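Asker: Right, I'll just put the structure down here and ask away after.
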Amino acid sequence: MYTSRITGMGHFVPDNIVTNENLSKMMDTSDAWIQERTGIKERRWIVEGSGETAATMGAKAARIAINKAGLTKDDIDFIVFATLSPDMFFPGCGVQIQDMLDMPTIGALDVRNQCSGFVYALSVADQFIKTGMYKNILVIGSEFHSGGLDKTTRGRGVTVIFGDGAGAAILSRSEDENRGILSSHLHSEGKHARELTVEAPSIAHWVPQIMEDNDPDDESYYPYMNGTFVFKHAISRFSEVILEGLEKNNLQTTDIDMLIPHQANLRIAQFIQKKFKLSDDQVFNNIMKYGNTTAASVIIALTEAFSEGKIKEGDLVVLAAFGSGFTWGSVIMRW
Ligand code: COA
């Protein structure tokens with residue numbers, strides 16, 4: 001059996017920086033509240049009318065990743081695109097990437113697993129590589145949150161947390177048994193689906209009825225989050241799934257060289273860091289700059305950690321995520 005390893009990465013975030021101070025002019029909130037609860041100082045939001053979307057940002061990140069891997073678009077065998085904010089209800093963003101990058105008619109798959117999206121997408125790609133079906137897979141996580149947020153005080157509990165951005169990785173076939181993805185671990189618990197959700201637009205709401213109602217007060221188009229409930233589940237699931245991955249590989253928390261937690265909330269990452277007694281050098285966070293970019297967060301953080309020289313060959317790198325669904329997962333890699 002082959003092994004798979006990341007051979008190139010890239011990320012893209014919109015230029016437009018939205019600070020906590022900027023938000024406090026749109027809604028009743030404050031820099032102190034946001035920083036104290038989440039650690040976020042600023043996030044990037046697409047400027048309305050700029051034409052940027054989840055697919056366009058994903059394409060920009062993908063071009064960088066392909067280039068860094070020393071490949072061309074024609075070397076890519078398959079696309080996996082993770083997002084909760086696709087450009088269209090259907091088809092998914094994966095086929096848009098195939099078109100935007102002018103790729104051959106390779107397969108494209110969209111993953112709908114929210115904050116765990118990139119971890120799920122990487123795991124899917126890993127299976128295709130390990131079985132020998134494909135050699136190079138383009139894995140993208142991209143989110144365009146800002147166009148779907150309630151930017152009034154009514155939405156403040158959710159809106160201040162989320163940012164836009166994209167990241168991409170090339171997962172390639174390798175024959176080096178000591179490097180690459182060692183294992184991935186995926187979970188879900190659908191009974192909590194409504195604790196973090198955007199319910200509409202959905203066919204379950206009967207489209208003719210939605211159009212007839214045309215109700216500006218219909219909050220089902222905006223994200224709903226039971227923040228405290230999500231927080232409690234996140235801290236226990238993050239810990240569980242990291243330990244599950246380490247145990248599977250006969251490793252301990254002391255073996256972790258770099259933990260890249262999904263950037264949900266700095267407090268969650270700090271809780272895990274403390275619980276596992278990890279130093280600041282063993283955990284990478286950038287939520288302060290970007291907020292929670294959902295399916296993009298893990299790959300943007302991994303790209304930045306690598307480009308800042310914080311990951312070197314032979315390091316044990318752990319990716320972990322938790323989010324809406326609930327879904328959660330981890331990927332254990334030897335870099
Ligand atoms: N600015 C100011 N006040 C705000 C606010 C904001 N942006 N958002 C909410 N509040 C208010 C609430 O209305 C509430 O006021 P009240 O006590 O008068 O009713 C008060 O602040 C406390 O709200 P609460 O929701 O209990 O705050 P919290 O301490 O639980 O923090 C989160 C809220 C969202 C930061 C926190 O629950 C969290 O991070 N949850 C997990 C989120 C997450 O990880 N989501 C992604 C999953 S992948």
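Letters for chains follow the order of the structure tokens (A, B, ...), residue numbers begin at 1 for each chain, and ligand numbers begin at 1 in the order shown.
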Going by DSSP on the backbone, which bits of stretch 62-281 of chain A are helix (DSSP H, G or I)? Write them as an MDAnalysis selection string, please.
Answerer: chainID A and resid 62:68 73:75 93:100 114:130 146:148 153:159 190:195 203:205 207:213 219:221 227:248 253:255 266:275 280:281
Asker: When DSSP works through the backbone of this structure, what residues of stretch 155-250 of chain A end up as strand (DSSP E), shown as a short mmCIF file (atom, residue, chain, number, x, y, z; two decimals) with C-alpha atoms, in the first residue's frame?
Answerer:
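part.cif written:
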data_model
loop_
_atom_site.label_atom_id
_atom_site.label_comp_id
_atom_site.auth_asym_id
_atom_site.auth_seq_id
_atom_site.Cartn_x
_atom_site.Cartn_y
_atom_site.Cartn_z
CA GLY A 165 -10.78 32.70 3.46
CA ALA A 166 -9.47 29.63 1.69
CA GLY A 167 -6.67 27.12 1.89
CA ALA A 168 -5.56 24.28 -0.35
CA ALA A 169 -3.25 21.29 -0.14
CA ILE A 170 -1.93 18.78 -2.64
CA LEU A 171 -1.98 15.27 -1.24
CA SER A 172 0.43 13.07 -3.20
CA ARG A 173 1.33 9.41 -3.42
CA SER A 174 4.51 8.43 -1.61
CA GLY A 180 2.77 11.25 5.57
CA ILE A 181 -0.71 10.62 6.97
CA LEU A 182 -0.53 7.88 9.60
CA SER A 183 -4.25 7.75 10.33
CA SER A 184 -7.46 9.77 10.34
CA HIS A 185 -10.43 9.55 12.71
CA LEU A 186 -13.91 10.82 11.87
CA HIS A 187 -17.05 11.12 14.00
CA SER A 188 -20.52 12.60 14.01
CA LEU A 196 -25.25 25.04 15.16
CA THR A 197 -27.06 25.43 11.88
CA TYR A 224 -27.93 29.87 14.71
CA MET A 225 -25.49 28.72 17.38
#
Asker: Set the cut-off to 8 Å, count only C-alpha atoms and all ligand atoms, and list whatever residues fall near ligand 1 as a compact mmCIF listing (two decimals) with N, CA, C and O atoms, in the first residue's frame.
Answerer:
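Writing the result to out-v1.txt gives the following:
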# COMPACT_ATOMS: atom_id res chain seq x y z
N ASP A 28 -24.27 46.16 18.64
CA ASP A 28 -23.91 46.43 20.02
C ASP A 28 -22.92 45.36 20.50
O ASP A 28 -23.32 44.30 20.99
N THR A 29 -21.65 45.63 20.31
CA THR A 29 -20.60 44.72 20.77
C THR A 29 -19.37 45.55 21.09
O THR A 29 -19.39 46.78 20.92
N SER A 30 -18.30 44.91 21.52
CA SER A 30 -17.10 45.68 21.83
C SER A 30 -15.86 44.82 21.60
O SER A 30 -15.94 43.58 21.67
N TRP A 33 -15.29 42.55 24.64
CA TRP A 33 -16.15 41.35 24.73
C TRP A 33 -15.64 40.28 23.77
O TRP A 33 -15.48 39.11 24.15
N ILE A 34 -15.36 40.68 22.54
CA ILE A 34 -14.97 39.69 21.53
C ILE A 34 -13.62 39.06 21.89
O ILE A 34 -13.46 37.84 21.85
N ARG A 37 -13.87 36.69 25.05
CA ARG A 37 -14.58 35.43 24.83
C ARG A 37 -13.96 34.53 23.76
O ARG A 37 -14.04 33.31 23.84
N THR A 38 -13.31 35.14 22.75
CA THR A 38 -12.90 34.34 21.58
C THR A 38 -11.42 34.49 21.19
O THR A 38 -10.91 33.66 20.45
N GLN A 114 -18.74 21.29 7.42
CA GLN A 114 -18.56 22.51 8.21
C GLN A 114 -17.14 22.63 8.77
O GLN A 114 -16.18 22.44 8.05
N CYS A 115 -17.03 22.89 10.09
CA CYS A 115 -15.69 23.14 10.65
C CYS A 115 -14.77 21.92 10.56
O CYS A 115 -13.56 22.06 10.57
N SER A 116 -15.35 20.74 10.45
CA SER A 116 -14.52 19.53 10.29
C SER A 116 -14.25 19.26 8.81
O SER A 116 -13.67 18.22 8.47
N THR A 153 -27.36 43.77 15.77
CA THR A 153 -27.18 43.27 17.13
C THR A 153 -27.84 41.90 17.31
O THR A 153 -27.34 41.06 18.06
N GLY A 155 -27.69 39.38 15.48
CA GLY A 155 -26.80 38.29 15.09
C GLY A 155 -25.44 38.30 15.77
O GLY A 155 -24.57 37.48 15.42
N ARG A 156 -25.24 39.19 16.76
CA ARG A 156 -23.88 39.41 17.28
C ARG A 156 -23.22 38.16 17.89
O ARG A 156 -22.01 38.02 17.85
N GLY A 157 -24.03 37.27 18.47
CA GLY A 157 -23.47 36.09 19.12
C GLY A 157 -22.75 35.16 18.14
O GLY A 157 -21.91 34.35 18.54
N VAL A 158 -23.07 35.28 16.86
CA VAL A 158 -22.47 34.43 15.83
C VAL A 158 -21.55 35.23 14.91
O VAL A 158 -20.42 34.84 14.61
N THR A 159 -22.05 36.39 14.49
CA THR A 159 -21.41 37.16 13.41
C THR A 159 -19.98 37.57 13.72
O THR A 159 -19.12 37.56 12.84
N VAL A 160 -19.70 37.91 14.99
CA VAL A 160 -18.36 38.41 15.34
C VAL A 160 -17.29 37.32 15.21
O VAL A 160 -16.10 37.61 15.14
N ILE A 161 -17.73 36.07 15.17
CA ILE A 161 -16.78 34.94 15.19
C ILE A 161 -16.23 34.58 13.81
O ILE A 161 -15.09 34.14 13.69
N LEU A 196 -26.11 24.15 15.96
CA LEU A 196 -25.25 25.04 15.16
C LEU A 196 -25.64 24.80 13.71
O LEU A 196 -25.27 23.79 13.11
N MET A 225 -26.46 29.51 16.60
CA MET A 225 -25.49 28.72 17.38
C MET A 225 -25.83 28.78 18.85
O MET A 225 -25.99 29.88 19.41
N ASN A 226 -25.94 27.62 19.48
CA ASN A 226 -26.07 27.54 20.93
C ASN A 226 -24.64 27.51 21.47
O ASN A 226 -24.05 26.44 21.68
N GLY A 227 -24.06 28.71 21.64
CA GLY A 227 -22.62 28.87 21.88
C GLY A 227 -22.09 28.07 23.06
O GLY A 227 -21.07 27.39 22.95
N THR A 228 -22.77 28.14 24.20
CA THR A 228 -22.28 27.46 25.40
C THR A 228 -22.30 25.94 25.21
O THR A 228 -21.36 25.24 25.58
N PHE A 229 -23.38 25.45 24.58
CA PHE A 229 -23.51 24.02 24.32
C PHE A 229 -22.40 23.54 23.37
O PHE A 229 -21.76 22.52 23.60
N VAL A 230 -22.18 24.34 22.32
CA VAL A 230 -21.13 23.99 21.34
C VAL A 230 -19.77 23.98 22.02
O VAL A 230 -18.97 23.06 21.84
N PHE A 231 -19.52 24.99 22.84
CA PHE A 231 -18.23 25.11 23.54
C PHE A 231 -17.94 23.86 24.36
O PHE A 231 -16.86 23.27 24.27
N LYS A 232 -18.95 23.43 25.15
CA LYS A 232 -18.75 22.28 26.05
C LYS A 232 -18.45 21.01 25.27
O LYS A 232 -17.57 20.22 25.62
N ALA A 234 -17.27 20.89 22.20
CA ALA A 234 -16.02 21.05 21.46
C ALA A 234 -14.82 20.64 22.31
O ALA A 234 -13.98 19.86 21.86
N HIS A 262 -8.61 23.25 14.79
CA HIS A 262 -9.54 24.13 14.07
C HIS A 262 -9.69 25.40 14.87
O HIS A 262 -9.87 25.37 16.10
N GLN A 263 -9.65 26.54 14.19
CA GLN A 263 -9.66 27.84 14.86
C GLN A 263 -11.10 28.28 15.16
O GLN A 263 -11.68 29.13 14.48
N ALA A 264 -11.68 27.64 16.19
CA ALA A 264 -13.08 27.93 16.56
C ALA A 264 -13.13 29.06 17.56
O ALA A 264 -13.97 29.95 17.48
N ASN A 265 -12.21 28.99 18.52
CA ASN A 265 -12.21 29.93 19.62
C ASN A 265 -10.88 29.74 20.33
O ASN A 265 -10.52 28.61 20.67
N ARG A 267 -10.05 30.23 23.23
CA ARG A 267 -10.23 29.63 24.57
C ARG A 267 -10.27 28.11 24.48
O ARG A 267 -9.80 27.41 25.37
N ILE A 268 -10.86 27.59 23.40
CA ILE A 268 -10.94 26.13 23.22
C ILE A 268 -9.52 25.59 23.00
O ILE A 268 -9.10 24.62 23.63
N ASN A 292 -13.01 32.60 12.77
CA ASN A 292 -13.27 31.19 12.45
C ASN A 292 -13.63 31.10 10.96
O ASN A 292 -14.68 31.60 10.55
N THR A 294 -14.02 28.26 9.39
CA THR A 294 -14.69 26.96 9.23
C THR A 294 -13.84 25.96 8.43
O THR A 294 -12.76 25.62 8.87
N ALA A 321 -10.40 18.89 14.51
CA ALA A 321 -11.49 19.84 14.26
C ALA A 321 -12.79 19.34 14.87
O ALA A 321 -12.98 18.14 15.08
N PHE A 322 -13.66 20.31 15.16
CA PHE A 322 -15.00 20.02 15.68
C PHE A 322 -15.94 21.07 15.13
O PHE A 322 -15.57 22.23 15.02
N GLY A 323 -17.15 20.68 14.79
CA GLY A 323 -18.09 21.69 14.32
C GLY A 323 -19.50 21.19 14.13
O GLY A 323 -19.86 20.10 14.60
N SER A 324 -20.25 22.00 13.41
CA SER A 324 -21.68 21.73 13.18
C SER A 324 -21.88 20.32 12.66
O SER A 324 -21.09 19.80 11.88
Asker: Find the residues of stretch 111-219 of chain A that sit at most 7 Å from stretch 79-86 of chain A; for each, write down the nearest two atoms and how far apart they are in Å, to one decimal. Count only C-alpha atoms. Sort by chain, then by number going up, and give it as a tab-separated table.
Answerer:
residue	atom	partner	partner_atom	distance
A:Val111	CA	A:Ala82	CA	4.5
A:Arg112	CA	A:Leu84	CA	6.0
A:Gln114	CA	A:Leu84	CA	5.4
A:Gly117	CA	A:Ala82	CA	5.1
A:Phe118	CA	A:Ala82	CA	5.9
A:Ala121	CA	A:Val80	CA	6.1
A:Ile137	CA	A:Ile79	CA	5.8
A:Leu138	CA	A:Ile79	CA	4.9
A:Val139	CA	A:Val80	CA	4.8
A:Ile140	CA	A:Phe81	CA	4.7
A:Gly141	CA	A:Ala82	CA	4.7
A:Ser142	CA	A:Thr83	CA	5.5
A:Glu143	CA	A:Ser85	CA	5.6
A:Phe144	CA	A:Ser85	CA	5.7
A:His145	CA	A:Ser85	CA	6.6
Asker: List the neighbours of A:Ala269 out to 10 Å using only C-alpha atoms; skip same-chain residues closer than 3 positions along the sequence, and give me the result as a ChimeraX atom specification.
Answerer: /A:234-235,238,259-266,272-275,283-285,287
Asker: Keeping C-alpha atoms, export the residues of the selection given above as a JSON list (two decimals), in the first residue's frame.
Answerer:
[["chain", "number", "residue", "atom", "x", "y", "z"],
["A", 234, "ALA", "CA", -16.02, 21.05, 21.46],
["A", 235, "ILE", "CA", -13.57, 20.84, 24.33],
["A", 238, "PHE", "CA", -11.32, 17.77, 20.51],
["A", 259, "LEU", "CA", -1.03, 20.64, 16.98],
["A", 260, "ILE", "CA", -3.18, 22.56, 14.51],
["A", 261, "PRO", "CA", -6.61, 22.85, 16.10],
["A", 262, "HIS", "CA", -9.54, 24.13, 14.07],
["A", 263, "GLN", "CA", -9.66, 27.84, 14.86],
["A", 264, "ALA", "CA", -13.08, 27.93, 16.56],
["A", 265, "ASN", "CA", -12.21, 29.93, 19.62],
["A", 266, "LEU", "CA", -8.83, 30.70, 21.19],
["A", 272, "ILE", "CA", -6.61, 21.71, 25.03],
["A", 273, "GLN", "CA", -3.07, 23.07, 25.19],
["A", 274, "LYS", "CA", -3.26, 23.22, 28.98],
["A", 275, "LYS", "CA", -4.92, 19.80, 29.31],
["A", 283, "VAL", "CA", 0.22, 24.63, 19.15],
["A", 284, "PHE", "CA", -0.47, 27.02, 16.28],
["A", 285, "ASN", "CA", -3.25, 29.61, 16.42],
["A", 287, "ILE", "CA", -7.79, 32.98, 14.93]]
Asker: Which residues, written as a compact mmCIF listing (two decimals) with all heavy atoms, in the first residue's frame, have at least one atom at most 7 Å from A:Pro14, with only C-alpha atoms counted and residues fewer than 3 positions away on the same chain left out?
Answerer:
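And here is the file that came out, out.txt:
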# COMPACT_ATOMS: atom_id res chain seq x y z
N ARG A 44 -11.16 38.73 8.00
CA ARG A 44 -11.26 39.25 6.64
C ARG A 44 -12.68 39.00 6.14
O ARG A 44 -13.19 37.89 6.25
CB ARG A 44 -10.26 38.54 5.72
CG ARG A 44 -8.82 38.59 6.19
CD ARG A 44 -8.32 40.03 6.25
NE ARG A 44 -6.95 40.08 6.74
CZ ARG A 44 -5.87 40.17 5.95
NH1 ARG A 44 -6.00 40.24 4.64
NH2 ARG A 44 -4.66 40.21 6.46
N TRP A 45 -13.29 40.03 5.55
CA TRP A 45 -14.60 39.87 4.94
C TRP A 45 -14.54 40.35 3.49
O TRP A 45 -14.02 41.45 3.21
CB TRP A 45 -15.67 40.69 5.70
CG TRP A 45 -16.20 40.01 6.94
CD1 TRP A 45 -15.84 38.80 7.45
CD2 TRP A 45 -17.19 40.54 7.84
NE1 TRP A 45 -16.55 38.53 8.60
CE2 TRP A 45 -17.38 39.57 8.86
CE3 TRP A 45 -17.94 41.72 7.89
CZ2 TRP A 45 -18.28 39.76 9.91
CZ3 TRP A 45 -18.84 41.91 8.93
CH2 TRP A 45 -19.02 40.92 9.93
N ILE A 46 -15.10 39.57 2.61
CA ILE A 46 -15.18 39.94 1.19
C ILE A 46 -15.98 41.24 1.07
O ILE A 46 -16.99 41.42 1.74
CB ILE A 46 -15.88 38.79 0.41
CG1 ILE A 46 -14.91 37.60 0.28
CG2 ILE A 46 -16.39 39.26 -0.94
CD1 ILE A 46 -15.55 36.33 -0.26
N GLY A 165 -12.13 33.09 3.88
CA GLY A 165 -10.78 32.70 3.46
C GLY A 165 -10.77 31.30 2.87
O GLY A 165 -11.77 30.59 2.91
Asker: Of the candidates A:Gly325, A:Asn178, A:Phe78, A:Tyr222, which shows the shortest atom-to-atom distance to A:Glu195, using only C-alpha atoms?
Answerer: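 Closest to A:Glu195, using only C-alpha atoms: A:Gly325.
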Asker: Report, in Å to a single decimal, how far apart atom CA of A:Ile64 and atom CA of A:Phe306 are.
Answerer: 14.1 Å
Asker: Need the shell around A:Ala32: protein/DNA/RNA residues with any atom at most 12 Å away, counting only C-alpha atoms. Skip same-chain ones fewer than 6 positions apart. Format as number ranges by chain?
Answerer: A: 19-21, 23-24, 38-41
Asker: Put those residues in a file: all heavy atoms, as an mmCIF file, in the first residue's frame.
Answerer:
data_model
loop_
_atom_site.group_PDB
_atom_site.id
_atom_site.type_symbol
_atom_site.label_atom_id
_atom_site.label_comp_id
_atom_site.auth_asym_id
_atom_site.auth_seq_id
_atom_site.Cartn_x
_atom_site.Cartn_y
_atom_site.Cartn_z
ATOM 1 N N THR A 19 -12.064 44.949 11.798
ATOM 2 C CA THR A 19 -11.631 44.854 13.201
ATOM 3 C C THR A 19 -12.852 44.765 14.117
ATOM 4 O O THR A 19 -13.985 45.045 13.699
ATOM 5 C CB THR A 19 -10.822 46.103 13.605
ATOM 6 O OG1 THR A 19 -11.701 47.243 13.495
ATOM 7 C CG2 THR A 19 -9.615 46.313 12.696
ATOM 8 N N ASN A 20 -12.595 44.407 15.369
ATOM 9 C CA ASN A 20 -13.690 44.381 16.350
ATOM 10 C C ASN A 20 -14.301 45.771 16.492
ATOM 11 O O ASN A 20 -15.509 45.924 16.688
ATOM 12 C CB ASN A 20 -13.162 43.901 17.705
ATOM 13 C CG ASN A 20 -12.697 42.459 17.642
ATOM 14 O OD1 ASN A 20 -13.059 41.730 16.716
ATOM 15 N ND2 ASN A 20 -11.908 42.042 18.627
ATOM 16 N N GLU A 21 -13.439 46.775 16.378
ATOM 17 C CA GLU A 21 -13.897 48.171 16.462
ATOM 18 C C GLU A 21 -14.889 48.471 15.326
ATOM 19 O O GLU A 21 -15.929 49.090 15.536
ATOM 20 C CB GLU A 21 -12.654 49.074 16.354
ATOM 21 C CG GLU A 21 -12.848 50.510 16.756
ATOM 22 C CD GLU A 21 -13.336 50.672 18.180
ATOM 23 O OE1 GLU A 21 -12.868 49.923 19.062
ATOM 24 O OE2 GLU A 21 -14.221 51.535 18.391
ATOM 25 N N LEU A 23 -16.804 46.321 13.894
ATOM 26 C CA LEU A 23 -18.061 45.619 14.190
ATOM 27 C C LEU A 23 -18.899 46.382 15.204
ATOM 28 O O LEU A 23 -20.127 46.379 15.133
ATOM 29 C CB LEU A 23 -17.770 44.207 14.735
ATOM 30 C CG LEU A 23 -17.195 43.193 13.762
ATOM 31 C CD1 LEU A 23 -17.055 41.835 14.428
ATOM 32 C CD2 LEU A 23 -18.072 43.053 12.527
ATOM 33 N N SER A 24 -18.202 47.038 16.146
ATOM 34 C CA SER A 24 -18.948 47.747 17.197
ATOM 35 C C SER A 24 -19.712 48.950 16.629
ATOM 36 O O SER A 24 -20.569 49.517 17.300
ATOM 37 C CB SER A 24 -18.011 48.175 18.331
ATOM 38 O OG SER A 24 -17.146 49.174 17.855
ATOM 39 N N THR A 38 -13.306 35.142 22.749
ATOM 40 C CA THR A 38 -12.899 34.342 21.582
ATOM 41 C C THR A 38 -11.423 34.490 21.194
ATOM 42 O O THR A 38 -10.913 33.656 20.449
ATOM 43 C CB THR A 38 -13.707 34.749 20.327
ATOM 44 O OG1 THR A 38 -13.289 36.063 19.914
ATOM 45 C CG2 THR A 38 -15.201 34.756 20.576
ATOM 46 N N GLY A 39 -10.770 35.559 21.639
ATOM 47 C CA GLY A 39 -9.382 35.819 21.235
ATOM 48 C C GLY A 39 -9.266 36.518 19.889
ATOM 49 O O GLY A 39 -8.170 36.882 19.463
ATOM 50 N N ILE A 40 -10.408 36.722 19.211
ATOM 51 C CA ILE A 40 -10.363 37.316 17.853
ATOM 52 C C ILE A 40 -10.156 38.837 17.940
ATOM 53 O O ILE A 40 -10.828 39.521 18.707
ATOM 54 C CB ILE A 40 -11.673 37.006 17.081
ATOM 55 C CG1 ILE A 40 -11.863 35.491 16.950
ATOM 56 C CG2 ILE A 40 -11.655 37.667 15.694
ATOM 57 C CD1 ILE A 40 -13.273 35.078 16.496
ATOM 58 N N LYS A 41 -9.212 39.345 17.117
ATOM 59 C CA LYS A 41 -8.989 40.791 17.030
ATOM 60 C C LYS A 41 -9.579 41.341 15.738
ATOM 61 O O LYS A 41 -10.087 42.446 15.681
ATOM 62 C CB LYS A 41 -7.489 41.109 17.043
ATOM 63 C CG LYS A 41 -6.823 40.731 18.341
ATOM 64 C CD LYS A 41 -5.342 41.054 18.299
ATOM 65 C CE LYS A 41 -4.694 40.457 19.511
ATOM 66 N NZ LYS A 41 -3.701 41.066 20.163
#
Asker: Using only C-alpha atoms for the distances, tell me which of A:Gly329, A:Met288, A:Asp176, A:Ser279 is nearest to A:Leu243.
Answerer: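 With only C-alpha atoms as the atom set, the closest residue is A:Gly329.
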Asker: Which residues are near A:Lys310? Cut-off 12 Å, only C-alpha atoms, ignore same chain within fewer than 5 positions. Put them as a list in words.
Answerer: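 Answer for this query is Asp257, Met258, Leu259, Ile260, Asp280, Asp281, Gln282, Val283, Phe284, Asn285, Ala301, Leu302, Thr303, Glu304, Ala305, Asp315, Leu316, Val317 and Trp335 of chain A.
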Asker: One decimal, Å: what's the distance from atom CA of A:Ile106 over to atom CA of A:Arg179, could you say?
Answerer: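 Answer for the atom CA of A:Ile106 to atom CA of A:Arg179 separation: 26.9 Å.
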Asker: For A:Glu189, work out the shell of residues within 8 Å, counting only C-alpha atoms and skipping chain neighbours fewer than 4 positions away, then give it as a VMD selection string.
Answerer: chain A and resid 193 325 to 327
Asker: Would you mind telling me which residue in A:Ala295, A:Met9, A:Ile129, A:Asn16 lies nearest to A:Glu175 when using only C-alpha atoms?
Answerer: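 Closest candidate: A:Ile129.
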Asker: How many Å separate atom CA of A:Pro223 from atom CA of A:Val198?
Answerer: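 Distance between the two atoms: 4.5 Å.
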